[in-house]
Number of protein chains: 6
Amino acid sequence: MSKHNTINPQLISAIESLSDIGNSRNAYKNSGGNLPFPSRDMLVTILNLTREVLFPGYFGIPYVDNNTLKFHIGVKVERLHSYLSEQVLAGLSFSETAVVPHAEIRDKACEIASSFICQLPDIRRKLMTDVEAAYNGDPAAKGYGEIILCYPTIKAVSNYRIANALLKLGVPLIPRMITELAHSETGIDIHPGATIGEYFAIDHGTGVVIGETTIIGNHVKLYQGVTLGAKNFPLDENGNPIKDLPRHPIVEDNVVIYCNATVLGRITIGEGAIIGGNVWVTTDIAKGVKVYR
Amino acid sequence: MSKHNTINPQLISAIESLSDIGNSRNAYKNSGGNLPFPSRDMLVTILNLTREVLFPGYFGIPYVDNNTLKFHIGVKVERLHSYLSEQVLAGLSFSETAVVPHAEIRDKACEIASSFICQLPDIRRKLMTDVEAAYNGDPAAKGYGEIILCYPTIKAVSNYRIANALLKLGVPLIPRMITELAHSETGIDIHPGATIGEYFAIDHGTGVVIGETTIIGNHVKLYQGVTLGAKNFPLDENGNPIKDLPRHPIVEDNVVIYCNATVLGRITIGEGAIIGGNVWVTTDIAKGVKVYR
Amino acid sequence: MSKHNTINPQLISAIESLSDIGNSRNAYKNSGGNLPFPSRDMLVTILNLTREVLFPGYFGIPYVDNNTLKFHIGVKVERLHSYLSEQVLAGLSFSETAVVPHAEIRDKACEIASSFICQLPDIRRKLMTDVEAAYNGDPAAKGYGEIILCYPTIKAVSNYRIANALLKLGVPLIPRMITELAHSETGIDIHPGATIGEYFAIDHGTGVVIGETTIIGNHVKLYQGVTLGAKNFPLDENGNPIKDLPRHPIVEDNVVIYCNATVLGRITIGEGAIIGGNVWVTTDIAKGVKVYR
Amino acid sequence: MSKHNTINPQLISAIESLSDIGNSRNAYKNSGGNLPFPSRDMLVTILNLTREVLFPGYFGIPYVDNNTLKFHIGVKVERLHSYLSEQVLAGLSFSETAVVPHAEIRDKACEIASSFICQLPDIRRKLMTDVEAAYNGDPAAKGYGEIILCYPTIKAVSNYRIANALLKLGVPLIPRMITELAHSETGIDIHPGATIGEYFAIDHGTGVVIGETTIIGNHVKLYQGVTLGAKNFPLDENGNPIKDLPRHPIVEDNVVIYCNATVLGRITIGEGAIIGGNVWVTTDIAKGVKVYR
Amino acid sequence: MSKHNTINPQLISAIESLSDIGNSRNAYKNSGGNLPFPSRDMLVTILNLTREVLFPGYFGIPYVDNNTLKFHIGVKVERLHSYLSEQVLAGLSFSETAVVPHAEIRDKACEIASSFICQLPDIRRKLMTDVEAAYNGDPAAKGYGEIILCYPTIKAVSNYRIANALLKLGVPLIPRMITELAHSETGIDIHPGATIGEYFAIDHGTGVVIGETTIIGNHVKLYQGVTLGAKNFPLDENGNPIKDLPRHPIVEDNVVIYCNATVLGRITIGEGAIIGGNVWVTTDIAKGVKVYR
Amino acid sequence: MSKHNTINPQLISAIESLSDIGNSRNAYKNSGGNLPFPSRDMLVTILNLTREVLFPGYFGIPYVDNNTLKFHIGVKVERLHSYLSEQVLAGLSFSETAVVPHAEIRDKACEIASSFICQLPDIRRKLMTDVEAAYNGDPAAKGYGEIILCYPTIKAVSNYRIANALLKLGVPLIPRMITELAHSETGIDIHPGATIGEYFAIDHGTGVVIGETTIIGNHVKLYQGVTLGAKNFPLDENGNPIKDLPRHPIVEDNVVIYCNATVLGRITIGEGAIIGGNVWVTTDIAKGVKVYR
């Protein structure tokens, strides 16, 4: 009988080649000894815990009882703090080039996780304005519960608001991983660095892109396929893109942008303006103006 | 040694705030005691079971044997009935405001689950017309099996046909959760309330939106990024959108709509019409007319 | 007490109907006895193993140590070979119509899996050019690690490069399942039959479609929503699409195509050309030309 | 290729025979519709939860913090109540022959679960006397923690004390399943109907049997292989054993029984008596007497 | 920071030593290529499946319904056949020294699995006599259901009857693994080669040993700690024990053997004899004789 | 509808009582912050890993190939080192009363884990002598493989040899947990502090007890139910047992002790002596003497 699963010499040689670090140095990451590692699965767990704490009775905690709700929230917050501290530490260590004492980074990670959790009541408050906006803007919506349970806008904007809070607390890498998780699930790609006001809603959402330096006011509504992007970006003397320049639109309060519209560059869409579907915008739009194709 | 994972006073106070129901009432759902809860995971299980029953040999049941197929179908149908009854009950309870005796709702849920399963042979027949349409419309398709196993159109349209049947049986919430599961996986967003004929195919599919009151005939084909949406929607005296008005297109038999076209409002795209890519349509299109950009 | 979960006569009759093979023959797949079955879950495992071998320290292997890396790579390659052999065999058996001796197909499957693994060092090399291109083209990118860990372009292009290698080795079905997995996760739909050069990057990516006969050079960049599709396809005498005709664009080196542009048909986009956002292209574009809307 | 896994006619006929209820009626259990079912796995979960609540910091809850302990206990008690109610209901339904309204049994099950939980503080207190007895009686014991974490006597006596409390609350079947779980793990077989005082310890334990009507005082110690059994049991007129007669020993305070001793029948081992190893006792032993072989 | 988890040179050298096959040849098993492997976990699954088929409504199948029982039995029998064929093949391959064509052994394994399943109705019939015997012999038993669900005698005797059937069908290794699983769980060690009649019951059971060539009649009852063992065993000229000689007791119908009795050698315990507790027997006991200590 | 699962006031008050640390202080363990915790599940994983490394091809690694064995051993050793370091740290921390710097204990734990692994080749060598002894002593044994795969003596003695090595390296608690795991599975209770020579075999094994200060030579064989125990133990002035005194038997080379024999106290069983079944021994036995009942 032939032995199908045994390793032949070609495979041994492939193993040699794949294990040769000098061969392709950038393909490897050496995070060093026993540091925690950025983990997509742990971030999913963290996001689920956060959702369970933000919307009790909708996720994780099957029903809300005055006597016992605090027990559930308490246990989940403790677990969230523990898991998040590890992932924040992973993010901090991932990017660290200078040698920083381990205990010091770990303390910092715990403090960041704690500060983040203290912001959760405010994040919940903002998300409830987003839920209200989604409900008021969709005749097909049957109630707040439906929106909280299954509207992609709430999934994407929750992840954004969580990621943005972590980014502001100085956490590298993790925020981007969090918004990419929502991007993967909803097709809505919001950079954690964007600034987004309250009562924000995205209808359907697939294909929406909101760039790193975008600023969005209150009561703004986007439809599927809308891009708030950069028109172009200057390169430095080495031909590399210059980081951190404002290059995405400012969208003021009460703006509506219909499906597949593309808005590019550091321009301002004035308060109450309406951008029609499939429209291509690369210049400022004044307050209240309606742009149709 | 410092105790990193212990809860500090700020966290205790965050727990207090997050547990204060009066604080943010709409963020909580009290489904009351021991009712089943709408569960995304259970719906995934239900959809997998349904797929296994609809396409034996492709999913779940590794091969089809005349002697034993009925055993497998029987066991899966029994399990499907049990799980679906629970989720239908969850949907019915979720939306119920009036006090209805529990046993009565439970009986109703079981009957609905049973009625749904009795429609599965017809749903299978319709889906096979969709498979045939996808095969005939794609030169890259190598056979029916490939389409059943991995084409997103079949994933999205299966979920739609299942959700639409449940919606017609009077189930709240659950149908929308089912189509959102397909939306998340395929980027195709079909509202369960839409009406879609046979031999329906969507190529690639990412970004397709089909609104709640859309009516689609037989032998219709859509490409990626097509929107069949509402142009606008009237508000009632309180400024809230009026529910359930027909506001999405009627697409007659044999229509083809190419990629990224946007068709808005209660208009009719006549039989055999062709809408070109990136086209923007807000008025009726007569039979057989071709609209290009 | 009523027995809610018992099976009523209507359900028994639904079971009969669903089990009647004559009823709807194409809905069944009889893969025959004890052949392995194409399994989405196993392909996910295989893709994760491949990623762990390609990017050690980023996925699966928590850190890279000169002493032990080869142990990890060795164990993972052995497992990859075993799992992949099974799925290749599943693919070969799925499509086989003629009667081929089982042992012969099994040997072929093992050889294909082995040949594929021997290409992994080269696939890694190419993917590192893609990582470099993504980094150089995105001011928001903070480092190679962020791109490897979470950029959808790398997810989609990895799956494509893996699927393309398997397709060239003669594996049916499996390559398409692999690119559909990336399509589902990223919204980027690359047919495994496409030809794509090095230093390839897709920004954001949702809605991108790259057809079966597309040819893409080196240093090409696409943005979200770009379609490289067929304009139309000829039918044979029976009205079925003719397979395998070149019908998608040729995109030469250094081309950039901005968001939501649609490029259709066997046309050539010349070296260094730039296609603006939302543009609709169905004719050749000469070298260096910029096409804006 | 032969189809190894297909079902041959002999197997079909075995299936027919195994499905013929008339064939072997007692081998089947028809618990009727949607009642919960006595589940060994659920009982294991329930016992683990109980252990976590009784010994926080040793099981399940990794550390004890004044601020958060109540959150953990609260969540676990709520879960315990829910799971235990289901299993008590399963036990009540399993044995029920008369037709009792379902809602009534369910209410009874919930009350029993609640009463049981209210006894946990007292059960903990008693178990701590058992821990103390084990520590004082074993020169090899290094501390209370070691005894709580891994001594079989604590495992067996915990299960007994839990099962005994449930039995006294009128729960059928479940108590016996609980002590059998400990029997399987420790080789110590204590019938839930036995009466056992405080400061009770069993050393090593394998092979110990304590019968249904045994009465044991305080500060009693047994070694491995000790049987406290029935000498014989009277039959009724039909030749069946008469249930519930006292037929096992009474063991008074401060008795020690060494390894493999056998004590049979409704006899009394008087206070402070010592029964030597391998001794066979079927008559009363007076206070303080030492019986050696 | 020190890297705690990295591998030091001593560990590398331990790896070298542990990987050196020449070093300790018998510690390795080379089962060759892609043969299935004897798996304790798979045997547990197989035993659970068998129990579910033997006692429907008690294990696995939550309730018995005339309409659907056959579906459940059919699916479980098919799965049982598939899993058991693999493990029988593993057993056959494990012991094979001569080179036998693979396909031939595989066919043999499938036939054995099929023959075994055809014996299940008879195994069920015998086990129901054992259940009856346990019920009649224990005043503490509340009903057949309690005995089927949790009495160790049924667990141990089920495994024995299954293992014995497989042994008679010529399967190596697997039968012994099956009885060891029961030994581990119940403390009852029955060799699969023993011959045991109907209406067989073991009370409590911990410590019972029944040797390979033991023959037990009908209506025999044993208590905990009973050994039916060999007195001694002759060695061959090389000092190795001679295999397969009858060396354990013959126990005729209606014998009772009380706890911790030891019965050794190829002796006969005559019909209706009673062996008292802790008794040591190495010579024939005539019919009806009572042996007490 | 009544809310069965809600928490009533009695339960709230039980929660209060169970959370009151002052109430029953010894029932709580505060291991402090983020220390690892002794985990039965992790120890099971560690024991499985160790078995896979000791007996490749029998456990975990499905077949042994000269080319790849080292990869498997390497990966498993690395994982074993990581998991074991954590559990050793848990053991060290568990018992620590003085305040020792955390990093120092962690380093010590890693060194101990490393030293332990370096002893594995010698542990394997000794275990192979035990396998040989079991094979030579059992006419029912069909080969070494059967003994390695399923004989309880190997399970129990493996755990003992592992636990004894860890105990000698100064690890508290963990060794006892490891031997209790074997006790639970086999009914064989060997204290990790015992000293046991080579070629050691226990037949059947249920009920065997080997005390902390027992010393066993080479080529010793025990049968089921044998106790090597303490006769009594002196108390200190407070009435507590004095720890660490030699109080169990010394069993010299080539001794056989038959089933259910009890050997108590610091006595010596001389070389080649035979102790018959059910015998009770509390005095020295000279070389070569046979003691029968």
# chains A, B, ... in the order shown; residues from 1 in each chain; ligands from 1
>>> interface_residues(of="chain A", to="chain F", cutoff="9 Å", atoms="only C-alpha atoms", output="PyMOL selection string")
chain A and resi 6-9+12+65+67-68
>>> write_last_selection(atoms="C-alpha atoms", output="CSV table (one decimal), in the first residue's frame")
chain,number,residue,atom,x,y,z
A,6,THR,CA,4.1,10.9,4.1
A,7,ILE,CA,6.3,13.8,3.5
A,8,ASN,CA,8.4,13.5,0.3
A,9,PRO,CA,11.8,15.2,-0.3
A,12,ILE,CA,11.1,18.8,3.1
A,65,ASP,CA,-34.2,42.2,35.7
A,67,ASN,CA,-32.4,42.6,40.7
A,68,THR,CA,-29.8,40.9,38.7
>>> select_by_dssp(residues="range 133-253 of chain F", states="strand (DSSP E)", output="list of chain:residue names")
F:Asp189, F:Ile190, F:Thr195, F:Ile196, F:Ala201, F:Ile202, F:Asp203, F:Val209, F:Ile210, F:Ile215, F:Ile216, F:Lys221, F:Leu222, F:Tyr223, F:Thr227, F:Leu228, F:Gly229, F:Ile250, F:Val251
>>> write_last_selection(atoms="N, CA and C atoms", output="PDB file, in the first residue's frame")
ATOM      1  N   ASP F 189      -4.534   4.527  43.383  1.00  0.00           N
ATOM      2  CA  ASP F 189      -4.199   5.749  44.100  1.00  0.00           C
ATOM      3  C   ASP F 189      -2.743   5.667  44.568  1.00  0.00           C
ATOM      4  N   ILE F 190      -1.838   6.253  43.772  1.00  0.00           N
ATOM      5  CA  ILE F 190      -0.416   6.257  44.133  1.00  0.00           C
ATOM      6  C   ILE F 190      -0.041   7.666  44.569  1.00  0.00           C
ATOM      7  N   THR F 195       8.227   5.978  46.322  1.00  0.00           N
ATOM      8  CA  THR F 195       9.399   5.649  45.509  1.00  0.00           C
ATOM      9  C   THR F 195       9.149   4.294  44.862  1.00  0.00           C
ATOM     10  N   ILE F 196       9.204   4.223  43.548  1.00  0.00           N
ATOM     11  CA  ILE F 196       8.874   2.984  42.841  1.00  0.00           C
ATOM     12  C   ILE F 196       9.948   2.673  41.813  1.00  0.00           C
ATOM     13  N   ALA F 201       4.389  -3.455  37.808  1.00  0.00           N
ATOM     14  CA  ALA F 201       3.096  -3.698  37.166  1.00  0.00           C
ATOM     15  C   ALA F 201       2.003  -3.890  38.203  1.00  0.00           C
ATOM     16  N   ILE F 202       0.821  -3.368  37.847  1.00  0.00           N
ATOM     17  CA  ILE F 202      -0.367  -3.557  38.684  1.00  0.00           C
ATOM     18  C   ILE F 202      -1.419  -4.197  37.787  1.00  0.00           C
ATOM     19  N   ASP F 203      -1.947  -5.348  38.169  1.00  0.00           N
ATOM     20  CA  ASP F 203      -2.947  -6.004  37.328  1.00  0.00           C
ATOM     21  C   ASP F 203      -4.348  -5.552  37.753  1.00  0.00           C
ATOM     22  N   VAL F 209      -3.890   1.154  46.724  1.00  0.00           N
ATOM     23  CA  VAL F 209      -3.464   2.373  47.411  1.00  0.00           C
ATOM     24  C   VAL F 209      -1.986   2.233  47.752  1.00  0.00           C
ATOM     25  N   ILE F 210      -1.182   3.218  47.340  1.00  0.00           N
ATOM     26  CA  ILE F 210       0.247   3.215  47.655  1.00  0.00           C
ATOM     27  C   ILE F 210       0.567   4.540  48.341  1.00  0.00           C
ATOM     28  N   ILE F 215       8.245   2.534  49.722  1.00  0.00           N
ATOM     29  CA  ILE F 215       9.415   2.329  48.856  1.00  0.00           C
ATOM     30  C   ILE F 215       9.262   0.976  48.193  1.00  0.00           C
ATOM     31  N   ILE F 216       9.247   0.961  46.848  1.00  0.00           N
ATOM     32  CA  ILE F 216       9.045  -0.272  46.092  1.00  0.00           C
ATOM     33  C   ILE F 216      10.264  -0.506  45.217  1.00  0.00           C
ATOM     34  N   LYS F 221       5.125  -6.784  41.512  1.00  0.00           N
ATOM     35  CA  LYS F 221       3.806  -6.855  40.894  1.00  0.00           C
ATOM     36  C   LYS F 221       2.710  -6.832  41.958  1.00  0.00           C
ATOM     37  N   LEU F 222       1.713  -5.959  41.730  1.00  0.00           N
ATOM     38  CA  LEU F 222       0.554  -5.874  42.624  1.00  0.00           C
ATOM     39  C   LEU F 222      -0.709  -6.249  41.843  1.00  0.00           C
ATOM     40  N   TYR F 223      -1.693  -6.793  42.566  1.00  0.00           N
ATOM     41  CA  TYR F 223      -3.004  -7.027  41.975  1.00  0.00           C
ATOM     42  C   TYR F 223      -4.014  -6.021  42.540  1.00  0.00           C
ATOM     43  N   THR F 227      -3.497  -2.662  49.372  1.00  0.00           N
ATOM     44  CA  THR F 227      -3.181  -1.425  50.081  1.00  0.00           C
ATOM     45  C   THR F 227      -1.768  -1.499  50.655  1.00  0.00           C
ATOM     46  N   LEU F 228      -0.945  -0.520  50.324  1.00  0.00           N
ATOM     47  CA  LEU F 228       0.335  -0.329  51.011  1.00  0.00           C
ATOM     48  C   LEU F 228       0.169   0.943  51.831  1.00  0.00           C
ATOM     49  N   GLY F 229      -0.310   0.771  53.088  1.00  0.00           N
ATOM     50  CA  GLY F 229      -0.752   1.932  53.848  1.00  0.00           C
ATOM     51  C   GLY F 229      -0.023   2.135  55.161  1.00  0.00           C
ATOM     52  N   ILE F 250       8.121  -0.918  53.009  1.00  0.00           N
ATOM     53  CA  ILE F 250       9.208  -1.071  52.035  1.00  0.00           C
ATOM     54  C   ILE F 250       9.011  -2.426  51.366  1.00  0.00           C
ATOM     55  N   VAL F 251       8.866  -2.421  50.049  1.00  0.00           N
ATOM     56  CA  VAL F 251       8.627  -3.655  49.298  1.00  0.00           C
ATOM     57  C   VAL F 251       9.839  -3.893  48.413  1.00  0.00           C
TER      58      VAL F 251
END
>>> select_by_dssp(residues="range 79-277 of chain E", states="helix (DSSP H, G or I)", output="NGL selection string")
:E and (79-95 or 102-118 or 120-136 or 144-150 or 152-168 or 174-186)
>>> residues_around(residues="Asp122 in chain F", least_positions_apart="4", cutoff="12 Å", atoms="only C-alpha atoms", output="JSON list (two decimals) with C-alpha atoms, in the first residue's frame")
[["chain", "number", "residue", "atom", "x", "y", "z"],
["E", 14, "ALA", "CA", 15.66, 16.66, 24.91],
["E", 17, "SER", "CA", 16.69, 12.41, 22.31],
["E", 18, "LEU", "CA", 12.91, 11.95, 22.29],
["E", 23, "ASN", "CA", 16.74, 4.94, 21.22],
["E", 24, "SER", "CA", 13.64, 3.21, 22.47],
["F", 54, "LEU", "CA", 6.57, 9.65, 25.26],
["F", 116, "PHE", "CA", 11.24, 18.14, 33.92],
["F", 117, "ILE", "CA", 11.22, 17.86, 30.13],
["F", 118, "CYS", "CA", 14.91, 16.94, 30.16],
["F", 126, "LYS", "CA", 11.41, 3.42, 32.84],
["F", 127, "LEU", "CA", 7.86, 3.24, 31.53],
["F", 128, "MET", "CA", 8.99, 0.82, 28.82],
["F", 129, "THR", "CA", 10.21, -1.49, 31.60],
["F", 161, "ARG", "CA", 6.35, 8.93, 37.37],
["F", 162, "ILE", "CA", 5.50, 12.38, 35.99],
["F", 165, "ALA", "CA", 9.57, 14.00, 39.00],
["F", 198, "GLU", "CA", 11.51, -0.33, 37.40]]
>>> residues_around(residues="Leu167 in chain D", least_positions_apart="4", cutoff="12 Å", atoms="only C-alpha atoms", output="ChimeraX atom specification")
/D:88,91-92,112-113,116,159-163,171-179,191-195,212
